[in-house]
$ cat protein22.txt   # compact mmCIF, C-alpha atoms
# COMPACT_ATOMS: atom_id res chain seq x y z
CA ASP B 1 112.75 88.17 90.64
CA THR B 2 110.34 91.05 91.37
CA GLY B 3 113.10 93.45 92.36
CA VAL B 4 111.74 94.12 95.88
CA SER B 5 114.29 93.04 98.48
CA GLN B 6 113.79 92.44 102.19
CA ASP B 7 116.27 91.98 104.99
CA PRO B 8 116.68 89.83 106.97
CA ARG B 9 114.99 86.84 105.40
CA HIS B 10 114.65 85.09 108.74
CA LYS B 11 114.64 86.44 112.29
CA ILE B 12 114.36 84.50 115.52
CA THR B 13 113.89 86.58 118.65
CA LYS B 14 112.86 86.14 122.23
CA ARG B 15 109.58 87.48 123.52
CA GLY B 16 109.92 91.06 124.67
CA GLN B 17 112.76 91.99 122.33
CA ASN B 18 112.51 94.63 119.61
CA VAL B 19 113.04 93.76 115.94
CA THR B 20 113.40 95.85 112.81
CA PHE B 21 112.93 94.79 109.20
CA ARG B 22 114.00 96.59 106.06
CA CYS B 23 112.39 96.74 102.63
CA ASP B 24 113.96 98.13 99.46
CA PRO B 25 111.27 98.64 96.80
CA ILE B 26 111.67 98.58 93.04
CA SER B 27 113.39 101.83 92.17
CA GLU B 28 111.05 104.67 91.20
CA HIS B 29 108.03 102.94 92.75
CA ASN B 30 106.52 105.65 94.94
CA ARG B 31 104.05 103.38 96.75
CA LEU B 32 105.22 100.90 99.38
CA TYR B 33 103.08 98.47 101.39
CA TRP B 34 103.58 96.20 104.39
CA TYR B 35 101.57 93.00 104.92
CA ARG B 36 101.62 90.18 107.45
CA GLN B 37 100.92 86.56 106.52
CA THR B 38 100.36 83.62 108.86
CA LEU B 39 100.29 79.98 107.87
CA GLY B 40 97.29 79.03 105.75
CA GLN B 41 96.09 82.62 105.42
CA GLY B 42 96.37 85.26 102.75
CA PRO B 43 98.46 88.36 103.42
CA GLU B 44 96.84 91.01 105.66
CA PHE B 45 97.38 94.68 104.95
CA LEU B 46 99.26 96.63 107.63
CA THR B 47 100.20 100.02 106.22
CA TYR B 48 101.24 101.91 103.11
CA PHE B 49 103.36 104.87 102.06
CA GLN B 50 103.20 107.18 99.13
CA ASN B 51 106.72 108.54 98.89
CA GLU B 52 107.64 109.35 102.51
CA ALA B 53 104.07 109.91 103.73
CA GLN B 54 102.32 107.12 105.64
CA LEU B 55 98.78 107.38 104.27
CA GLU B 56 96.99 104.35 105.64
CA LYS B 57 97.28 102.14 108.71
CA SER B 58 95.26 99.00 109.41
CA ARG B 59 93.73 98.41 112.82
CA LEU B 60 96.05 95.36 112.88
CA LEU B 61 98.94 97.77 113.35
CA SER B 62 99.05 98.03 117.13
CA ASP B 63 101.01 100.67 119.07
CA ARG B 64 103.94 98.27 119.23
CA PHE B 65 104.38 98.49 115.47
CA SER B 66 105.91 101.47 113.70
CA ALA B 67 106.89 101.95 110.10
CA GLU B 68 108.96 104.62 108.42
CA ARG B 69 110.06 105.57 104.92
CA PRO B 70 112.32 108.53 105.65
CA LYS B 71 113.42 109.55 102.17
CA GLY B 72 110.74 107.93 100.11
CA SER B 73 113.02 105.03 99.19
CA PHE B 74 113.57 102.12 101.58
CA SER B 75 111.24 101.45 104.51
CA THR B 76 111.62 99.93 107.95
CA LEU B 77 109.06 98.12 110.10
CA GLU B 78 109.81 97.92 113.81
CA ILE B 79 108.03 95.73 116.32
CA GLN B 80 108.62 96.59 119.96
CA ARG B 81 108.20 94.14 122.86
CA THR B 82 107.53 91.21 120.56
CA GLU B 83 104.89 88.65 121.46
CA GLN B 84 104.48 85.08 120.26
CA GLY B 85 101.45 86.17 118.25
CA ASP B 86 103.74 88.36 116.16
CA SER B 87 105.29 85.26 114.60
CA ALA B 88 104.48 85.50 110.89
CA MET B 89 105.87 86.30 107.47
CA TYR B 90 106.19 90.06 106.97
CA LEU B 91 105.85 91.01 103.32
CA CYS B 92 106.70 94.25 101.59
CA ALA B 93 105.30 95.28 98.20
CA SER B 94 105.81 98.25 95.92
CA SER B 95 103.75 99.78 93.15
CA PRO B 96 104.30 102.56 90.62
CA VAL B 97 100.62 103.54 90.52
CA LYS B 98 97.33 102.46 92.07
CA ASP B 99 97.52 99.06 90.43
CA GLU B 100 99.40 95.83 90.77
CA GLN B 101 101.73 95.46 93.73
CA TYR B 102 104.99 93.56 93.45
CA PHE B 103 105.99 91.62 96.51
CA GLY B 104 109.36 90.88 98.02
CA PRO B 105 110.45 87.50 99.40
CA GLY B 106 109.34 88.34 102.95
CA THR B 107 110.93 88.22 106.38
CA ARG B 108 109.99 85.18 108.47
CA LEU B 109 109.76 86.18 112.15
CA THR B 110 109.74 83.57 114.89
CA VAL B 111 109.17 84.75 118.46
CA THR B 112 110.18 82.20 121.09
CA GLU W 1 82.56 88.22 107.58
CA ASP W 2 85.04 87.28 104.85
CA GLN W 3 85.07 89.77 102.00
CA VAL W 4 87.02 87.50 99.68
CA THR W 5 86.32 83.76 99.60
CA GLN W 6 88.29 81.31 97.54
CA SER W 7 87.25 77.78 96.66
CA PRO W 8 88.23 75.06 96.78
CA GLU W 9 90.75 75.37 99.60
CA ALA W 10 92.83 72.63 97.99
CA LEU W 11 92.77 70.93 94.60
CA ARG W 12 94.72 67.98 93.32
CA LEU W 13 94.79 67.39 89.56
CA GLN W 14 96.53 65.09 87.19
CA GLU W 15 98.89 66.65 84.69
CA GLY W 16 96.84 67.82 81.72
CA GLU W 17 93.54 67.88 83.65
CA SER W 18 92.00 71.33 83.23
CA SER W 19 90.03 73.00 86.02
CA SER W 20 88.95 76.35 87.50
CA LEU W 21 89.54 78.13 90.78
CA ASN W 22 86.87 80.45 92.17
CA CYS W 23 87.14 83.77 93.97
CA SER W 24 83.94 85.42 95.21
CA TYR W 25 83.87 88.88 96.76
CA THR W 26 81.32 90.92 98.67
CA VAL W 27 82.93 94.36 98.66
CA SER W 28 81.30 97.29 96.90
CA GLY W 29 83.15 99.86 94.86
CA LEU W 30 85.58 97.35 93.36
CA ARG W 31 88.61 99.09 91.90
CA GLY W 32 90.48 95.99 90.87
CA LEU W 33 90.72 92.24 91.37
CA PHE W 34 94.17 90.67 91.43
CA TRP W 35 95.46 87.12 91.09
CA TYR W 36 98.80 86.08 92.55
CA ARG W 37 100.73 82.85 92.69
CA GLN W 38 102.70 81.96 95.82
CA ASP W 39 105.28 79.22 96.18
CA PRO W 40 106.16 77.90 99.65
CA GLY W 41 108.36 80.30 101.62
CA LYS W 42 108.22 83.02 98.96
CA GLY W 43 106.34 86.24 98.38
CA PRO W 44 103.29 86.36 96.09
CA GLU W 45 104.02 86.68 92.37
CA PHE W 46 101.71 88.94 90.39
CA LEU W 47 99.66 87.27 87.63
CA PHE W 48 96.67 89.40 86.56
CA THR W 49 94.61 92.50 87.29
CA LEU W 50 90.93 92.68 86.25
CA TYR W 51 88.93 95.89 86.49
CA SER W 52 85.43 95.34 85.13
CA ALA W 53 82.87 92.59 84.61
CA GLY W 54 83.42 90.72 81.38
CA GLU W 55 87.14 91.35 81.31
CA GLU W 56 89.45 88.40 80.59
CA LYS W 57 93.24 88.06 80.67
CA GLU W 58 95.50 85.18 79.68
CA LYS W 59 99.03 84.11 80.40
CA GLU W 60 100.36 80.78 79.20
CA ARG W 61 98.05 78.09 80.65
CA LEU W 62 96.13 80.54 82.85
CA LYS W 63 93.07 82.64 82.04
CA ALA W 64 91.33 84.94 84.50
CA THR W 65 87.76 86.16 84.12
CA LEU W 66 85.62 88.57 86.14
CA THR W 67 81.90 88.94 86.80
CA LYS W 68 80.12 91.34 89.16
CA LYS W 69 80.47 88.96 92.10
CA GLU W 70 83.27 86.54 91.33
CA SER W 71 86.36 85.75 89.36
CA PHE W 72 87.61 82.49 87.94
CA LEU W 73 91.15 81.38 87.27
CA HIS W 74 91.04 78.74 84.57
CA ILE W 75 94.03 76.48 84.21
CA THR W 76 94.31 74.55 80.97
CA ALA W 77 96.40 71.37 80.64
CA PRO W 78 98.38 72.11 83.81
CA LYS W 79 101.93 70.93 84.41
CA PRO W 80 103.57 69.98 87.72
CA GLU W 81 105.35 73.36 87.79
CA ASP W 82 101.92 75.02 88.09
CA SER W 83 101.66 73.61 91.61
CA ALA W 84 101.39 76.53 94.03
CA THR W 85 98.93 78.47 96.15
CA TYR W 86 96.84 80.86 94.07
CA LEU W 87 95.69 83.98 95.88
CA CYS W 88 92.90 86.34 94.92
CA ALA W 89 92.79 89.91 96.23
CA VAL W 90 90.54 92.94 95.82
CA GLN W 91 91.12 96.65 96.04
CA TYR W 92 88.00 98.70 96.78
CA SER W 93 87.06 102.28 97.30
CA THR W 94 85.58 102.14 100.82
CA GLY W 95 86.62 100.56 104.06
CA GLY W 96 89.99 100.14 105.66
CA GLY W 97 93.07 99.78 103.56
CA ALA W 98 91.72 101.76 100.67
CA ASP W 99 94.86 101.17 98.69
CA GLY W 100 95.90 97.98 100.41
CA LEU W 101 94.75 94.66 99.05
CA THR W 102 92.26 92.38 100.81
CA PHE W 103 93.23 88.78 100.15
CA GLY W 104 91.40 85.48 100.27
CA LYS W 105 92.97 82.48 101.96
CA GLY W 106 94.07 80.97 98.66
CA THR W 107 93.66 77.70 96.79
CA HIS W 108 96.46 75.19 97.23
CA LEU W 109 96.89 73.53 93.83
CA ILE W 110 98.83 70.31 93.33
CA ILE W 111 99.46 68.94 89.84
CA GLN W 112 100.53 65.32 89.85
CA PRO W 113 102.68 63.97 87.00
$ encode --input "protein22.txt" --output "structure tokens"
Amino acid sequence: DTGVSQDPRHKITKRGQNVTFRCDPISEHNRLYWYRQTLGQGPEFLTYFQNEAQLEKSRLLSDRFSAERPKGSFSTLEIQRTEQGDSAMYLCASSPVKDEQYFGPGTRLTVT
Amino acid sequence: EDQVTQSPEALRLQEGESSSLNCSYTVSGLRGLFWYRQDPGKGPEFLFTLYSAGEEKEKERLKATLTKKESFLHITAPKPEDSATYLCAVQYSTGGGADGLTFGKGTHLIIQP
């Protein structure tokens, strides 16, 4: 158990609907990362926060995606107007410093 | 162009049969190379971080090594519970995702009893 928790673990939604995922990092980890992983691929970096500041966003993060970390603790990732191509595992990781990242169990999104 | 390439894509071994997994990278300004293990339906589990050529780290039946262009994950006398996908990732000082990790596609390892 890495200590990073994600909710929900599974989400099935219809195309066009909005979804929101939550990540609770290991306490006192000031860095938080979001990744997306599709079948047979390694995770792909989406964005990261240091405390409440969003410092980096991948070009994979389209305008339909938004992430927040309002008080520097938990984070949310929202996808608006979901598309079938958004179906993936969404992973959250946290890190105390610029080193190893500890991953949560992921949220499996299926867009029908 | 892939920045992190792992080989083989899949590997099937008999219990006790030692082998090595390869991770080659083309990024410059390497800040760290990471190995993770991932079981089906779960998030990656951290194994090792390597920072400079010549560095080695060990954990149980696993040993990771690093050169200037590649890393190896050696598995000695594996057991069925070592079956998983092993992911390699790099963190580098230029390019997108400066603090995010760039992963390879992984090696799917199966250890048969």
$ interface_residues --input "protein22.txt" --of "chain W" --to "chain B" --cutoff "9 Å" --atoms "all atoms listed in the file" --output "PDB file with C-alpha atoms, in the coordinates of the input"
ATOM      1  CA  GLY W  32      90.480  95.990  90.870  1.00  0.00           C
ATOM      2  CA  PHE W  34      94.170  90.670  91.430  1.00  0.00           C
ATOM      3  CA  GLY W  41     108.360  80.300 101.620  1.00  0.00           C
ATOM      4  CA  LYS W  42     108.220  83.020  98.960  1.00  0.00           C
ATOM      5  CA  GLY W  43     106.340  86.240  98.380  1.00  0.00           C
ATOM      6  CA  PRO W  44     103.290  86.360  96.090  1.00  0.00           C
ATOM      7  CA  GLU W  45     104.020  86.680  92.370  1.00  0.00           C
ATOM      8  CA  PHE W  46     101.710  88.940  90.390  1.00  0.00           C
ATOM      9  CA  PHE W  48      96.670  89.400  86.560  1.00  0.00           C
ATOM     10  CA  THR W  49      94.610  92.500  87.290  1.00  0.00           C
ATOM     11  CA  LEU W  87      95.690  83.980  95.880  1.00  0.00           C
ATOM     12  CA  CYS W  88      92.900  86.340  94.920  1.00  0.00           C
ATOM     13  CA  ALA W  89      92.790  89.910  96.230  1.00  0.00           C
ATOM     14  CA  GLN W  91      91.120  96.650  96.040  1.00  0.00           C
ATOM     15  CA  GLY W  96      89.990 100.140 105.660  1.00  0.00           C
ATOM     16  CA  GLY W  97      93.070  99.780 103.560  1.00  0.00           C
ATOM     17  CA  ALA W  98      91.720 101.760 100.670  1.00  0.00           C
ATOM     18  CA  ASP W  99      94.860 101.170  98.690  1.00  0.00           C
ATOM     19  CA  GLY W 100      95.900  97.980 100.410  1.00  0.00           C
ATOM     20  CA  LEU W 101      94.750  94.660  99.050  1.00  0.00           C
ATOM     21  CA  THR W 102      92.260  92.380 100.810  1.00  0.00           C
ATOM     22  CA  PHE W 103      93.230  88.780 100.150  1.00  0.00           C
ATOM     23  CA  GLY W 104      91.400  85.480 100.270  1.00  0.00           C
ATOM     24  CA  LYS W 105      92.970  82.480 101.960  1.00  0.00           C
ATOM     25  CA  GLY W 106      94.070  80.970  98.660  1.00  0.00           C
TER      26      GLY W 106
END
$ residues_near_point --input "protein22.txt" --point "(93.0, 79.8, 90.3)" --cutoff "10 Å" --atoms "only C-alpha atoms" --output "list in words"
Gln6, Ser7, Pro8, Leu11, Ser19, Ser20, Leu21, Asn22, Cys23, Trp35, Tyr36, Arg37, Leu62, Lys63, Ala64, Ser71, Phe72, Leu73, His74, Ile75, Ala84, Thr85, Tyr86, Leu87, Cys88, Gly106, Thr107, His108 and Leu109 of chain W
$ write_last_selection --input "protein22.txt" --atoms "C-alpha atoms" --output "short mmCIF file (atom, residue, chain, number, x, y, z; two decimals), keeping the file's coordinate frame"
data_model
loop_
_atom_site.label_atom_id
_atom_site.label_comp_id
_atom_site.auth_asym_id
_atom_site.auth_seq_id
_atom_site.Cartn_x
_atom_site.Cartn_y
_atom_site.Cartn_z
CA GLN W 6 88.29 81.31 97.54
CA SER W 7 87.25 77.78 96.66
CA PRO W 8 88.23 75.06 96.78
CA LEU W 11 92.77 70.93 94.60
CA SER W 19 90.03 73.00 86.02
CA SER W 20 88.95 76.35 87.50
CA LEU W 21 89.54 78.13 90.78
CA ASN W 22 86.87 80.45 92.17
CA CYS W 23 87.14 83.77 93.97
CA TRP W 35 95.46 87.12 91.09
CA TYR W 36 98.80 86.08 92.55
CA ARG W 37 100.73 82.85 92.69
CA LEU W 62 96.13 80.54 82.85
CA LYS W 63 93.07 82.64 82.04
CA ALA W 64 91.33 84.94 84.50
CA SER W 71 86.36 85.75 89.36
CA PHE W 72 87.61 82.49 87.94
CA LEU W 73 91.15 81.38 87.27
CA HIS W 74 91.04 78.74 84.57
CA ILE W 75 94.03 76.48 84.21
CA ALA W 84 101.39 76.53 94.03
CA THR W 85 98.93 78.47 96.15
CA TYR W 86 96.84 80.86 94.07
CA LEU W 87 95.69 83.98 95.88
CA CYS W 88 92.90 86.34 94.92
CA GLY W 106 94.07 80.97 98.66
CA THR W 107 93.66 77.70 96.79
CA HIS W 108 96.46 75.19 97.23
CA LEU W 109 96.89 73.53 93.83
#
$ axis_aligned_box --input "protein22.txt" --around "stretch 36-39 of chain B" --padding-each-side "5 Å" --output "AutoDock Vina command-line options"
--center_x 101.0 --center_y 85.1 --center_z 107.7 --size_x 11.3 --size_y 20.2 --size_z 12.3
$ atom_distance --input "protein22.txt" --atom1 "atom CA of B:Ala53" --atom2 "atom CA of B:Asp24"
16.0 Å
$ residues_around --input "protein22.txt" --residues "W:Ile111" --least-positions-apart "2" --cutoff "6 Å" --atoms "only C-alpha atoms" --output "compact mmCIF listing (two decimals) with C-alpha atoms, in the frame of the given file"
# COMPACT_ATOMS: atom_id res chain seq x y z
CA ARG W 12 94.72 67.98 93.32
CA LEU W 13 94.79 67.39 89.56
CA GLN W 14 96.53 65.09 87.19
CA GLU W 15 98.89 66.65 84.69
CA PRO W 80 103.57 69.98 87.72
CA SER W 83 101.66 73.61 91.61
$ atom_distance --input "protein22.txt" --atom1 "atom CA of W:Ser24" --atom2 "atom CA of W:Ala77"
23.8 Å
$ residues_around --input "protein22.txt" --residues "W:Gly16" --least-positions-apart "3" --cutoff "8 Å" --atoms "only C-alpha atoms" --output "PyMOL selection string"
chain W and resi 76-79
$ residues_near_point --input "protein22.txt" --point "(110.6, 86.5, 118.4)" --cutoff "10 Å" --atoms "all atoms listed in the file" --output "list in words"
Lys11, Ile12, Thr13, Lys14, Arg15, Gly16, Gln17, Asn18, Val19, Ile79, Arg81, Thr82, Glu83, Gln84, Gly85, Asp86, Ser87, Ala88, Leu109, Thr110, Val111 and Thr112 of chain B
$ closest_residue --input "protein22.txt" --among "B:Ser62, B:Asn30, B:Ser75, B:Thr20" --to "B:Ser94" --atoms "all atoms listed in the file"
B:Asn30
$ atom_distance --input "protein22.txt" --atom1 "atom CA of W:Glu17" --atom2 "atom CA of W:Glu56"
21.1 Å
$ residues_around --input "protein22.txt" --residues "W:Tyr25" --least-positions-apart "5" --cutoff "6 Å" --atoms "all atoms listed in the file" --output "PDB file with C-alpha atoms, keeping the file's coordinate frame"
ATOM      1  CA  GLN W   3      85.070  89.770 102.000  1.00  0.00           C
ATOM      2  CA  VAL W   4      87.020  87.500  99.680  1.00  0.00           C
ATOM      3  CA  LYS W  69      80.470  88.960  92.100  1.00  0.00           C
ATOM      4  CA  GLU W  70      83.270  86.540  91.330  1.00  0.00           C
TER       5      GLU W  70
END
$ decode --input "protein22.txt" --residues "stretch 18-57 of chain B" --atoms "C-alpha atoms" --output "tab-separated table (two decimals), in the first residue's frame"
chain	number	residue	atom	x	y	z
B	18	ASN	CA	-18.40	15.34	-17.53
B	19	VAL	CA	-16.43	13.29	-14.99
B	20	THR	CA	-14.31	14.21	-11.99
B	21	PHE	CA	-11.69	12.12	-10.23
B	22	ARG	CA	-10.12	12.69	-6.85
B	23	CYS	CA	-6.62	11.93	-5.59
B	24	ASP	CA	-5.44	12.04	-1.98
B	25	PRO	CA	-1.63	11.98	-1.86
B	26	ILE	CA	0.60	10.68	0.91
B	27	SER	CA	0.38	13.25	3.66
B	28	GLU	CA	3.12	15.89	3.62
B	29	HIS	CA	4.04	15.12	-0.01
B	30	ASN	CA	4.04	18.54	-1.64
B	31	ARG	CA	4.31	17.27	-5.23
B	32	LEU	CA	1.35	15.64	-6.97
B	33	TYR	CA	1.23	14.25	-10.52
B	34	TRP	CA	-1.46	13.01	-12.89
B	35	TYR	CA	-0.79	10.41	-15.60
B	36	ARG	CA	-2.91	8.55	-18.13
B	37	GLN	CA	-2.27	4.94	-19.11
B	38	THR	CA	-3.84	2.98	-21.96
B	39	LEU	CA	-3.62	-0.75	-22.48
B	40	GLY	CA	-0.14	-1.96	-23.39
B	41	GLN	CA	1.45	1.45	-22.86
B	42	GLY	CA	3.40	3.04	-20.06
B	43	PRO	CA	1.85	5.93	-18.14
B	44	GLU	CA	1.89	9.33	-19.91
B	45	PHE	CA	2.47	12.49	-17.92
B	46	LEU	CA	-0.42	14.96	-17.84
B	47	THR	CA	0.30	17.58	-15.21
B	48	TYR	CA	1.89	18.25	-11.84
B	49	PHE	CA	1.45	20.45	-8.78
B	50	GLN	CA	3.85	21.70	-6.21
B	51	ASN	CA	1.64	22.50	-3.25
B	52	GLU	CA	-1.35	24.30	-4.80
B	53	ALA	CA	0.51	25.63	-7.85
B	54	GLN	CA	0.12	23.83	-11.17
B	55	LEU	CA	3.64	24.05	-12.57
B	56	GLU	CA	3.62	21.85	-15.64
B	57	LYS	CA	1.04	20.71	-18.18
